[in-house]
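Novice: Dropping the structure in here first, questions after.
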Amino acid sequence: MAGSVAGFGGPASAAASPAAGQSAADGRTSAVAAAPALHVSGNRLVTGSNSTFRPLGVNRSGGEFGCVQGKEIFDGPTDQAAVDAMKAWKINTVRIPLNEECWLGTGNLPPTAPSAAAYQQAVKTYADLLVANGINVILDLHWTWGEYTGPGGGCPDVAATCQKPMPDARYTPTFWSEVATMFKGNGAVIFDLFNEPYPDAANNWSDATAAWTCLRDGGTCAGITYPVAGMQTLVNAVRATGATNVIMAGGLEWTNNLSRWLEFKPADPTGNLMASWHSYNFNGCVTTSCWDSNIGAVAAQVPVQAGEIGQNTCAHDYIDQVMAWADANKVGYTAWTWNPWGCSGGSVLIEDWNGTPTSTYGEGFKAHLLSQTPGDPGGDTAAPTAPGTPTASEVTATSATLSWGASTDNVGVTGYDVVRVTGGTETRVADSASNRATVTGLSGNTAYTFAVYAKDAAGNRSTRSATVTVTTTGTPAGTCSVGYRLVGDWGSGFQSEITIRNTGAAAVSDWKLGFTFTNGQTINNMWGGTPTQTGGSVSVIPASYTDTITAGGSVTLGFIANRGATNTAPTTFTLSGRTCTTA
């Protein structure tokens with residue numbers, strides 16, 4: 001498709017009246033309940049009481065462009081009166097686009113830009129006010145650092161003044177680590193990892209698999225000159241803070257394409273991952289048949305949120321079709337945009353900050369919102385009862401069979417998920433239509449802890465069963481080799497890969513990799529594992545998708561690190577206490 005950025009971001013230079021400058025939230029909220037904490041259950045977002053919740057609302061642009069242009073943070077009020085105008089539309093969710101360099105306060109900002117502290121506080125104050133008014137928040141990383149001049153791009157600036165094809169490894173993981181630290185514990189806030197990826201355009205549409213791999217894993221991607229942070233790296237950055245907030249991850253073609261999202265989705269140990277989809281009338285996938293095959297297959301398995309919908313006219317015929325399909329498929333949506341910029345270019349919902357709708361785009365969207373309910377009261381929202389405590393039998397060096405007491409449900413139990421529990425992390429290891437399953441791929445003489453969830457046809461998931469610990473027979477898995485490769489070095493930092501190969505005869509699970517830096521290098525972000533560093537000593541535990549190394553198989557870790565004057569590679573590696581050969 002031809003890349004177009006119309007409607008995707010704020011205006012290149014927002015014309016904000018000084019009288020409409022940012023207002024501090026005054027803390028006066030209506031007598032309403034705070035927005036609910038959300039989590040993922042099957043293919044639904046649910047509240048703490050397990051009621052289905054569909055985010056329906058708008059984008060509030062401004063935070064992505066005003067600061068980097070040396071202006072105010074938001075180009076209009078963010079006070080109680082402005083929130084009340086949204087509530088009159090029955091908006092239950094607001095998506096807030098952000099700028100990573102404004103959040104971090106980098107040297108690329110103009111002298112008149114607000115400070116990082118002021119920017120962060122403005123975002124938090126606005127988000128907190130929305131939540132206090134019963135409105136959930138989606139924090140969207142919209143504009144990022146990194147020079148890009150390839151296909152599909154309309155901005156070669158190295159600074160975060162426009163939409164880049166992918167987030168960067170230099171700043172983005174730190175951005176999400178800081179955002180997650182600020183909002184962890186507030187489950188009403190959702191994290192949208194990156195607005196509209198288009199690495200497929202950057203590689204000139206030549207290799208879809210490579211583009212999807214770039215989206216998930218980052219690193220060095222065809223057509224992109226800066227080190228890329230993939231979605232897995234960003235999920236890891238969020239989860240490393242202890243934040244369990246729901247995370248949104250997009251697809252290709254400016255996140256209009258989710259055709260292989262399930263195949264390349266990042267692993268999330270909390271299970272709180274949903275798909276982000278955008279739909280404008282000038283995208284490639286604009287028909288119900290395309291939505292059925294491209295988006296519907298994803299929506300059947302995980303929650304999908306249309307983070308942006310719109311059309312480049314002032315009518316609402318296209319978004320009416322999108323919303324009708326989304327309503328039927330239990331997909332949420334937030335329209336672009338709640339800013340009074342004039343609707344001649346399309347996708348502008350309001351004439352003023354009082355919430356007067358534009359004709360007819362805003363009028364049509366408002367009328368539709370007022371006709372909707374965020375949940376799904378007519379559907380099955382009752383979860384099955386918890387399964388009985390599992391018991392183990394037929395335990396070998398590489399497998400164990402588990403059985404448990406059956407669950408009950410108001411409609412019917414359709415299956416069970418068996419998870420391995422490691423500390424606070426769960427990894428699904430088997431599924432079954434009955435109350436019995438065999439877990440394979442285990443290591444000898446190793447203790448494992450398992451539990452079970454029940455699920456029904458509506459995607460409702462039970463609470464977890466009690467756990468059982470099983471110790472396999474045999475001896476620990478054997479030998480290993482490690483390859484260390486420098487991927488890139490930019491003077492103050494570098495990117496490297498570590499490939500661990502299992503040269504033994506049995507699978508290795510729950511491993512721990514150890515090595516030592518000798519020149520003061522410090523790891524900032526890692527994908528494929530979670531590092532702990534004390535001085536030069538580094539230990540790494542696996543991610544869920546690298547946890548098991550099959551006999552003769554291998555896994556690869558990648559990381560970004562700081563360095564000093566020298567950057568000597570580690571020479572000795574251990575795997576679960578055993579010294580590996582180096583390759």
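Residue numbering restarts at 1 in every chain; chains get A, B, ... in the order shown in the structure tokens, and ligands count up from 1 in that same order.
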Give me, as a list in words, all polymer residues having an atom no more than 9 Å from Ile319 in chain A, counting only C-alpha atoms and skipping those fewer than 6 positions away in the same chain.
Specialist: Ser279, Tyr280, Asn281, Ile309, Gly310, Gln311, Ala335, Tyr361, Gly364 and Phe365 of chain A
Novice: So which bits of range 39-142 of chain A end up strand (DSSP E or B) when you DSSP the backbone, as a ChimeraX atom specification?
Specialist: /A:39-41,44-46,52,56-59,93-99,136-142
Novice: Generate the output file for the selected residues, N, CA, C and O atoms, as a short mmCIF file (atom, residue, chain, number, x, y, z; two decimals), in the first residue's frame.
Specialist:
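As written to disk, out_38.cif reads:
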```
data_model
loop_
_atom_site.label_atom_id
_atom_site.label_comp_id
_atom_site.auth_asym_id
_atom_site.auth_seq_id
_atom_site.Cartn_x
_atom_site.Cartn_y
_atom_site.Cartn_z
N HIS A 39 -7.62 -6.49 32.90
CA HIS A 39 -6.67 -7.55 32.55
C HIS A 39 -7.27 -8.38 31.43
O HIS A 39 -8.45 -8.25 31.09
N VAL A 40 -6.43 -9.21 30.82
CA VAL A 40 -6.83 -10.03 29.68
C VAL A 40 -7.34 -11.37 30.18
O VAL A 40 -6.71 -12.02 31.02
N SER A 41 -8.49 -11.78 29.66
CA SER A 41 -9.03 -13.11 29.91
C SER A 41 -9.47 -13.69 28.58
O SER A 41 -10.48 -13.25 28.01
N ARG A 44 -10.87 -11.36 25.73
CA ARG A 44 -11.60 -10.21 26.25
C ARG A 44 -10.73 -9.41 27.21
O ARG A 44 -9.85 -9.96 27.88
N LEU A 45 -10.99 -8.13 27.28
CA LEU A 45 -10.53 -7.33 28.40
C LEU A 45 -11.61 -7.42 29.46
O LEU A 45 -12.80 -7.28 29.16
N VAL A 46 -11.21 -7.63 30.71
CA VAL A 46 -12.19 -7.75 31.78
C VAL A 46 -11.77 -6.90 32.96
O VAL A 46 -10.60 -6.56 33.15
N THR A 52 -16.84 -8.05 31.09
CA THR A 52 -16.20 -7.65 29.83
C THR A 52 -16.17 -6.12 29.72
O THR A 52 -17.14 -5.44 30.06
N LEU A 56 -13.94 2.29 24.42
CA LEU A 56 -14.59 3.07 23.36
C LEU A 56 -14.35 4.55 23.65
O LEU A 56 -14.74 5.05 24.71
N GLY A 57 -13.69 5.24 22.73
CA GLY A 57 -13.40 6.64 23.02
C GLY A 57 -12.65 7.33 21.91
O GLY A 57 -12.91 7.11 20.72
N VAL A 58 -11.68 8.16 22.31
CA VAL A 58 -11.02 9.06 21.37
C VAL A 58 -9.53 9.13 21.64
O VAL A 58 -9.04 8.73 22.70
N ASN A 59 -8.79 9.65 20.68
CA ASN A 59 -7.41 10.05 20.85
C ASN A 59 -7.38 11.52 21.25
O ASN A 59 -8.12 12.34 20.69
N THR A 93 -12.69 5.71 27.32
CA THR A 93 -11.24 5.51 27.16
C THR A 93 -10.67 6.65 26.33
O THR A 93 -11.25 7.04 25.31
N VAL A 94 -9.50 7.16 26.75
CA VAL A 94 -8.79 8.18 25.99
C VAL A 94 -7.37 7.68 25.73
O VAL A 94 -6.67 7.28 26.66
N ARG A 95 -6.99 7.71 24.46
CA ARG A 95 -5.62 7.35 24.07
C ARG A 95 -4.80 8.63 23.96
O ARG A 95 -5.19 9.57 23.27
N ILE A 96 -3.65 8.64 24.66
CA ILE A 96 -2.81 9.84 24.73
C ILE A 96 -1.49 9.58 24.01
O ILE A 96 -0.64 8.83 24.52
N PRO A 97 -1.26 10.14 22.83
CA PRO A 97 0.03 9.97 22.14
C PRO A 97 1.15 10.72 22.87
O PRO A 97 0.98 11.86 23.28
N LEU A 98 2.32 10.08 22.97
CA LEU A 98 3.45 10.64 23.69
C LEU A 98 4.69 10.71 22.81
O LEU A 98 4.77 10.06 21.76
N ASN A 99 5.68 11.47 23.29
CA ASN A 99 6.95 11.66 22.59
C ASN A 99 8.07 11.20 23.52
O ASN A 99 8.20 11.71 24.64
N ASN A 136 -10.76 5.17 31.30
CA ASN A 136 -9.49 4.46 31.17
C ASN A 136 -8.56 5.19 30.22
O ASN A 136 -9.00 5.98 29.38
N VAL A 137 -7.25 4.91 30.34
CA VAL A 137 -6.23 5.63 29.59
C VAL A 137 -5.37 4.64 28.82
O VAL A 137 -4.98 3.60 29.35
N ILE A 138 -5.08 4.96 27.57
CA ILE A 138 -4.09 4.25 26.77
C ILE A 138 -2.93 5.22 26.51
O ILE A 138 -3.13 6.27 25.90
N LEU A 139 -1.76 4.90 27.02
CA LEU A 139 -0.56 5.71 26.76
C LEU A 139 0.14 5.14 25.53
O LEU A 139 0.58 3.99 25.53
N ASP A 140 0.22 5.95 24.49
CA ASP A 140 0.73 5.52 23.17
C ASP A 140 2.06 6.19 22.88
O ASP A 140 2.15 7.42 22.91
N LEU A 141 3.11 5.41 22.59
CA LEU A 141 4.37 5.99 22.14
C LEU A 141 4.24 6.30 20.65
O LEU A 141 4.21 5.40 19.81
N HIS A 142 4.20 7.60 20.33
CA HIS A 142 3.83 8.03 18.98
C HIS A 142 5.04 8.44 18.15
O HIS A 142 5.20 7.99 17.02
#
```
Novice: Write out as an mmCIF file with N, CA and C atoms, in the first residue's frame the residues lying within 12 Å of Lys87 in chain A, counting only C-alpha atoms and excluding same-chain residues fewer than 3 positions away.
Specialist:
```cif
data_model
loop_
_atom_site.group_PDB
_atom_site.id
_atom_site.type_symbol
_atom_site.label_atom_id
_atom_site.label_comp_id
_atom_site.auth_asym_id
_atom_site.auth_seq_id
_atom_site.Cartn_x
_atom_site.Cartn_y
_atom_site.Cartn_z
ATOM 1 N N THR A 29 -13.674 16.286 40.460
ATOM 2 C CA THR A 29 -14.292 15.291 39.607
ATOM 3 C C THR A 29 -15.742 15.087 40.004
ATOM 4 N N SER A 30 -16.517 14.622 39.068
ATOM 5 C CA SER A 30 -17.902 14.306 39.350
ATOM 6 C C SER A 30 -17.962 13.084 40.255
ATOM 7 N N VAL A 32 -18.371 9.959 40.383
ATOM 8 C CA VAL A 32 -18.378 8.735 39.594
ATOM 9 C C VAL A 32 -17.281 7.814 40.116
ATOM 10 N N LEU A 56 -13.944 2.292 24.416
ATOM 11 C CA LEU A 56 -14.592 3.073 23.362
ATOM 12 C C LEU A 56 -14.349 4.547 23.653
ATOM 13 N N GLY A 57 -13.692 5.244 22.731
ATOM 14 C CA GLY A 57 -13.402 6.641 23.017
ATOM 15 C C GLY A 57 -12.647 7.334 21.911
ATOM 16 N N VAL A 58 -11.677 8.159 22.311
ATOM 17 C CA VAL A 58 -11.022 9.058 21.368
ATOM 18 C C VAL A 58 -9.532 9.129 21.642
ATOM 19 N N GLN A 80 -10.809 19.715 34.452
ATOM 20 C CA GLN A 80 -12.051 19.002 34.700
ATOM 21 C C GLN A 80 -13.115 19.336 33.663
ATOM 22 N N ALA A 81 -13.197 20.592 33.256
ATOM 23 C CA ALA A 81 -14.206 20.970 32.262
ATOM 24 C C ALA A 81 -13.969 20.236 30.943
ATOM 25 N N ALA A 82 -12.692 20.095 30.566
ATOM 26 C CA ALA A 82 -12.378 19.382 29.322
ATOM 27 C C ALA A 82 -12.745 17.909 29.426
ATOM 28 N N VAL A 83 -12.528 17.321 30.608
ATOM 29 C CA VAL A 83 -12.899 15.920 30.809
ATOM 30 C C VAL A 83 -14.413 15.771 30.822
ATOM 31 N N ASP A 84 -15.121 16.711 31.429
ATOM 32 C CA ASP A 84 -16.587 16.656 31.431
ATOM 33 C C ASP A 84 -17.146 16.683 30.008
ATOM 34 N N LYS A 90 -20.077 9.989 26.350
ATOM 35 C CA LYS A 90 -20.037 8.616 26.865
ATOM 36 C C LYS A 90 -18.702 7.940 26.523
ATOM 37 N N ILE A 91 -17.648 8.727 26.498
ATOM 38 C CA ILE A 91 -16.303 8.206 26.254
ATOM 39 C C ILE A 91 -15.825 7.463 27.501
ATOM 40 N N ASN A 92 -15.361 6.236 27.340
ATOM 41 C CA ASN A 92 -14.830 5.509 28.498
ATOM 42 C C ASN A 92 -13.317 5.306 28.435
ATOM 43 N N THR A 93 -12.688 5.709 27.319
ATOM 44 C CA THR A 93 -11.239 5.515 27.163
ATOM 45 C C THR A 93 -10.665 6.654 26.330
ATOM 46 N N VAL A 94 -9.503 7.162 26.749
ATOM 47 C CA VAL A 94 -8.788 8.183 25.993
ATOM 48 C C VAL A 94 -7.368 7.681 25.728
ATOM 49 N N LEU A 130 -8.312 11.647 34.326
ATOM 50 C CA LEU A 130 -9.203 10.817 33.511
ATOM 51 C C LEU A 130 -9.646 9.577 34.279
ATOM 52 N N VAL A 131 -8.693 8.903 34.903
ATOM 53 C CA VAL A 131 -9.025 7.687 35.649
ATOM 54 C C VAL A 131 -9.974 7.999 36.800
ATOM 55 N N ASN A 133 -12.173 10.135 36.858
ATOM 56 C CA ASN A 133 -13.485 10.405 36.272
ATOM 57 C C ASN A 133 -14.099 9.175 35.607
ATOM 58 N N GLY A 134 -13.526 8.013 35.832
ATOM 59 C CA GLY A 134 -14.087 6.786 35.274
ATOM 60 C C GLY A 134 -13.687 6.515 33.846
ATOM 61 N N ILE A 135 -12.634 7.176 33.354
ATOM 62 C CA ILE A 135 -12.175 7.012 31.969
ATOM 63 C C ILE A 135 -10.826 6.306 31.965
ATOM 64 N N ASN A 136 -10.758 5.170 31.295
ATOM 65 C CA ASN A 136 -9.487 4.455 31.173
ATOM 66 C C ASN A 136 -8.556 5.192 30.222
ATOM 67 N N ASN A 354 -15.260 22.503 24.153
ATOM 68 C CA ASN A 354 -16.500 22.174 24.843
ATOM 69 C C ASN A 354 -17.116 20.878 24.337
ATOM 70 N N GLY A 355 -16.554 20.325 23.264
ATOM 71 C CA GLY A 355 -17.033 19.053 22.736
ATOM 72 C C GLY A 355 -18.089 19.171 21.671
ATOM 73 N N LYS A 366 -20.139 10.585 17.664
ATOM 74 C CA LYS A 366 -20.776 10.819 18.968
ATOM 75 C C LYS A 366 -22.084 10.035 19.079
ATOM 76 N N LEU A 369 -21.312 6.403 19.707
ATOM 77 C CA LEU A 369 -20.836 6.142 21.070
ATOM 78 C C LEU A 369 -21.990 6.123 22.064
ATOM 79 N N LEU A 370 -22.903 7.063 21.921
ATOM 80 C CA LEU A 370 -24.020 7.154 22.864
ATOM 81 C C LEU A 370 -24.940 5.943 22.787
#
```
Novice: Neighbouring residues of Lys164 in chain A were defined as those with any atom within 7 Å, considering only C-alpha atoms; residues of the same chain fewer than 2 positions away were excluded. Please report them as number ranges by chain.
Specialist: A: 143-144, 148, 162, 166
Novice: Write a file of the selected residues as a CSV table (one decimal), in the first residue's frame, keeping N, CA and C atoms.
Specialist:
```
chain,number,residue,atom,x,y,z
A,143,TRP,N,5.9,9.3,18.7
A,143,TRP,CA,7.0,9.8,18.0
A,143,TRP,C,8.3,9.5,18.7
A,144,THR,N,9.3,9.0,17.9
A,144,THR,CA,10.6,8.5,18.5
A,144,THR,C,11.8,9.0,17.8
A,148,TYR,N,15.5,8.5,9.5
A,148,TYR,CA,15.0,7.5,8.6
A,148,TYR,C,14.6,8.3,7.3
A,162,CYS,N,8.4,13.1,14.2
A,162,CYS,CA,7.5,12.4,13.3
A,162,CYS,C,7.5,11.0,13.6
A,166,MET,N,10.1,2.1,13.2
A,166,MET,CA,10.2,1.2,14.3
A,166,MET,C,10.8,2.0,15.5
```
Novice: Please give the complete set of residues from range 22-101 of chain A that DSSP, run on the backbone, assigns to alpha helix (DSSP H), formatted as a VMD selection string.
Specialist: chain A and resid 80 to 87 100 to 101
Novice: Output the selection as a JSON list (two decimals), in the first residue's frame - N, CA and C atoms for each residue.
Specialist:
```json
[["chain", "number", "residue", "atom", "x", "y", "z"],
["A", 80, "GLN", "N", -10.81, 19.71, 34.45],
["A", 80, "GLN", "CA", -12.05, 19.00, 34.70],
["A", 80, "GLN", "C", -13.11, 19.34, 33.66],
["A", 81, "ALA", "N", -13.20, 20.59, 33.26],
["A", 81, "ALA", "CA", -14.21, 20.97, 32.26],
["A", 81, "ALA", "C", -13.97, 20.24, 30.94],
["A", 82, "ALA", "N", -12.69, 20.09, 30.57],
["A", 82, "ALA", "CA", -12.38, 19.38, 29.32],
["A", 82, "ALA", "C", -12.75, 17.91, 29.43],
["A", 83, "VAL", "N", -12.53, 17.32, 30.61],
["A", 83, "VAL", "CA", -12.90, 15.92, 30.81],
["A", 83, "VAL", "C", -14.41, 15.77, 30.82],
["A", 84, "ASP", "N", -15.12, 16.71, 31.43],
["A", 84, "ASP", "CA", -16.59, 16.66, 31.43],
["A", 84, "ASP", "C", -17.15, 16.68, 30.01],
["A", 85, "ALA", "N", -16.50, 17.44, 29.11],
["A", 85, "ALA", "CA", -16.94, 17.46, 27.71],
["A", 85, "ALA", "C", -16.84, 16.08, 27.09],
["A", 86, "MET", "N", -15.79, 15.34, 27.43],
["A", 86, "MET", "CA", -15.64, 13.98, 26.92],
["A", 86, "MET", "C", -16.72, 13.06, 27.50],
["A", 87, "LYS", "N", -17.00, 13.22, 28.79],
["A", 87, "LYS", "CA", -17.98, 12.35, 29.43],
["A", 87, "LYS", "C", -19.37, 12.53, 28.82],
["A", 100, "GLU", "N", 8.90, 10.25, 23.07],
["A", 100, "GLU", "CA", 9.90, 9.68, 23.98],
["A", 100, "GLU", "C", 10.99, 10.69, 24.36],
["A", 101, "GLU", "N", 11.37, 11.57, 23.43],
["A", 101, "GLU", "CA", 12.43, 12.52, 23.76],
["A", 101, "GLU", "C", 11.92, 13.60, 24.71]]
```
Novice: Kindly give the distance, in Å, that separates CA of Asn562 in chain A and CA of Gly520 in chain A, rounded to a single decimal.
Specialist: 8.5 Å
Novice: Show me a table, sorted first by chain and then by increasing residue number, of the residues of range 441-510 of chain A having an atom at most 7 Å from range 410-433 of chain A, each with its shortest atom pair and the distance in Å to one decimal, counting only C-alpha atoms and written as JSON lines.
Specialist:
```
{"residue": "A:Thr449", "atom": "CA", "partner": "A:Val421", "partner_atom": "CA", "distance": 5.4}
{"residue": "A:Phe450", "atom": "CA", "partner": "A:Arg420", "partner_atom": "CA", "distance": 4.5}
{"residue": "A:Ala451", "atom": "CA", "partner": "A:Val419", "partner_atom": "CA", "distance": 5.5}
{"residue": "A:Val452", "atom": "CA", "partner": "A:Val418", "partner_atom": "CA", "distance": 4.5}
{"residue": "A:Tyr453", "atom": "CA", "partner": "A:Asp417", "partner_atom": "CA", "distance": 5.1}
{"residue": "A:Ala454", "atom": "CA", "partner": "A:Tyr416", "partner_atom": "CA", "distance": 4.4}
{"residue": "A:Lys455", "atom": "CA", "partner": "A:Gly415", "partner_atom": "CA", "distance": 5.6}
{"residue": "A:Asp456", "atom": "CA", "partner": "A:Val413", "partner_atom": "CA", "distance": 4.6}
{"residue": "A:Ala457", "atom": "CA", "partner": "A:Thr414", "partner_atom": "CA", "distance": 6.0}
```
Novice: For CA of Gln120 in chain A and CA of Gly185 in chain A, quote the distance in Å rounded to one decimal.
Specialist: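 Value for the CA of Gln120 in chain A-CA of Gly185 in chain A distance: 17.2 Å.
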Novice: Which polymer residues have any atom within 7 Å of an atom of Trp338 in chain A, counting only C-alpha atoms, with same-chain residues fewer than 5 positions away left out, as a PyMOL selection string?
Specialist: chain A and resi 58-61+348-350
Novice: Please provide the set of residues having any atom within 7 Å of range 567-575 of chain A, restricted to only C-alpha atoms, with same-chain residues fewer than 3 positions apart removed, written as a ChimeraX atom specification.
Specialist: /A:482,511-519,563-564,578-580
Novice: Would you output that residue set with C-alpha atoms, as a PDB file, in the first residue's frame?
Specialist:
```pdb
ATOM      1  CA  VAL A 482      28.154 -20.364  23.703  1.00  0.00           C
ATOM      2  CA  TRP A 511      18.630 -22.480  32.852  1.00  0.00           C
ATOM      3  CA  LYS A 512      20.802 -19.677  34.178  1.00  0.00           C
ATOM      4  CA  LEU A 513      23.611 -18.202  32.053  1.00  0.00           C
ATOM      5  CA  GLY A 514      26.617 -16.603  33.741  1.00  0.00           C
ATOM      6  CA  PHE A 515      29.461 -14.472  32.346  1.00  0.00           C
ATOM      7  CA  THR A 516      31.637 -11.498  33.291  1.00  0.00           C
ATOM      8  CA  PHE A 517      32.442  -8.174  31.635  1.00  0.00           C
ATOM      9  CA  THR A 518      35.966  -6.912  32.317  1.00  0.00           C
ATOM     10  CA  ASN A 519      35.759  -3.298  31.064  1.00  0.00           C
ATOM     11  CA  ARG A 563      30.631   0.800  27.319  1.00  0.00           C
ATOM     12  CA  GLY A 564      33.770   2.737  28.187  1.00  0.00           C
ATOM     13  CA  ARG A 578      28.471 -25.825  34.169  1.00  0.00           C
ATOM     14  CA  THR A 579      31.227 -24.250  32.086  1.00  0.00           C
ATOM     15  CA  CYS A 580      30.402 -24.080  28.364  1.00  0.00           C
TER      16      CYS A 580
END
```
Novice: Counting only C-alpha atoms, figure out which residue out of A:Asn460, A:Ser554, A:Thr534, A:Thr78 gets nearest to Ile498 in chain A.
Specialist: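 Among A:Asn460, A:Ser554, A:Thr534, A:Thr78, it is A:Ser554 that comes nearest to Ile498 in chain A.
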Novice: Using only C-alpha atoms, which residue out of A:Ala507, A:Met182, A:Met526, A:Met248 lies closest to Ile549 in chain A?
Specialist: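 Between A:Ala507, A:Met182, A:Met526, A:Met248, the residue approaching Ile549 in chain A most closely is A:Ala507.
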